[in-house]
Amino acid sequence: MSWPKVALGEICIVDWGKTSLTKSSYVAGGEYLAVSATGGDGRIDHWEHKALTPAISAIGAQCGKLFLPKEDFTAIKNTITLTPIDDKRSQEACCPIYLYHLLSSMKLPRRGAGQPFISKGDLEKFKIPLPSLEEQRRIAAILDKASEIKALNNVFAFRLRALIQSLFSRVGDPLSGDDVNH
């Protein structure tokens, strides 16, 4: 199936995080999440973006990594937010969860080598496939479920490794000849 391609700037407000804010602006016990280039890693006293607004690390080692905060937040320096334009009349409405999953699977336009960065202008022109809003929501729900299953699988794998280590620590190292039941 072929979906129309649209530029992010046609369906989202692409904006820099608050460049005057850095991690030194974090407040112990702040009411709202602060999102930096490394993700939601602090608290702050005000919010500028609604929950489920995709945020992108725009510079450095994490460049291109997407975050989908589950609470209202403020994006600080070195991030870019993608706020879907909420126009009920538009045929090109965008589901933020679809956008998050889609962009997480794509190579975003980067510049620079030693210190890679993403420019706001490049993102505004970046084209993505955009199915109907109903189809976007269906895809997002499937991918959310897959993410939940993957997370559970990781938990089960960790617990299985811990169980195996625990069992073998009780038996001793069979290769060394040690046996706890001497």
# chains A, B, ... in the order shown; residues from 1 in each chain; ligands from 1

$ select_by_dssp --residues "chain A" --states "strand (DSSP E)" --output "PDB file with C-alpha atoms, in the first residue's frame"
ATOM      1  CA  LYS A   5       4.299  11.558   1.702  1.00  0.00           C
ATOM      2  CA  VAL A   6       4.153  14.846   3.561  1.00  0.00           C
ATOM      3  CA  ALA A   7       6.785  17.096   5.081  1.00  0.00           C
ATOM      4  CA  CYS A  12       3.717  19.463  12.967  1.00  0.00           C
ATOM      5  CA  ILE A  13       5.077  22.510  14.675  1.00  0.00           C
ATOM      6  CA  VAL A  14       8.788  21.701  14.626  1.00  0.00           C
ATOM      7  CA  ASP A  15      10.474  23.725  17.339  1.00  0.00           C
ATOM      8  CA  TRP A  16      13.653  23.925  19.373  1.00  0.00           C
ATOM      9  CA  TYR A  32       6.903  18.772  35.538  1.00  0.00           C
ATOM     10  CA  LEU A  33       9.268  16.609  33.534  1.00  0.00           C
ATOM     11  CA  ALA A  34      12.264  18.227  31.825  1.00  0.00           C
ATOM     12  CA  VAL A  35      13.499  16.580  28.631  1.00  0.00           C
ATOM     13  CA  SER A  36      17.105  17.067  27.526  1.00  0.00           C
ATOM     14  CA  GLY A  39      15.699  12.092  27.627  1.00  0.00           C
ATOM     15  CA  GLY A  40      13.437  12.864  30.572  1.00  0.00           C
ATOM     16  CA  ASP A  41      16.127  13.344  33.167  1.00  0.00           C
ATOM     17  CA  GLY A  42      14.985  16.120  35.479  1.00  0.00           C
ATOM     18  CA  ARG A  43      12.113  18.123  36.916  1.00  0.00           C
ATOM     19  CA  ILE A  44      11.105  21.734  36.386  1.00  0.00           C
ATOM     20  CA  ALA A  55      10.932  15.062  21.346  1.00  0.00           C
ATOM     21  CA  ILE A  56      14.213  14.434  19.541  1.00  0.00           C
ATOM     22  CA  SER A  57      17.774  14.639  20.786  1.00  0.00           C
ATOM     23  CA  LEU A  66      13.312  10.000  20.020  1.00  0.00           C
ATOM     24  CA  PHE A  67      11.468  10.324  23.307  1.00  0.00           C
ATOM     25  CA  PHE A  73       6.984  18.526  30.003  1.00  0.00           C
ATOM     26  CA  THR A  74       9.411  21.254  29.037  1.00  0.00           C
ATOM     27  CA  ALA A  75      12.049  20.531  26.421  1.00  0.00           C
ATOM     28  CA  THR A  79      16.146  19.066  21.734  1.00  0.00           C
ATOM     29  CA  ILE A  80      13.516  19.503  19.046  1.00  0.00           C
ATOM     30  CA  THR A  81       9.811  18.906  19.648  1.00  0.00           C
ATOM     31  CA  LEU A  82       7.242  17.787  17.090  1.00  0.00           C
ATOM     32  CA  THR A  83       3.801  19.036  18.079  1.00  0.00           C
ATOM     33  CA  PRO A  84       1.141  17.690  15.709  1.00  0.00           C
ATOM     34  CA  LYS A 127       8.978  13.689   4.275  1.00  0.00           C
ATOM     35  CA  ILE A 128       7.174  10.800   5.902  1.00  0.00           C
ATOM     36  CA  PRO A 129       4.432   8.406   4.763  1.00  0.00           C
TER      37      PRO A 129
END

$ select_by_dssp --residues "chain A" --states "alpha helix (DSSP H)" --output "PyMOL selection string"
chain A and resi 8-11+96-104+120-125+133-171

$ atom_distance --atom1 "CA of Leu8 in chain A" --atom2 "CA of Pro116 in chain A"
20.4 Å

$ closest_residue --among "A:Pro131, A:Glu124, A:Asp86, A:Lys65" --to "Ser104 in chain A" --atoms "only C-alpha atoms"
A:Lys65

$ atom_distance --atom1 "CA of His101 in chain A" --atom2 "CA of Ile139 in chain A"
9.0 Å
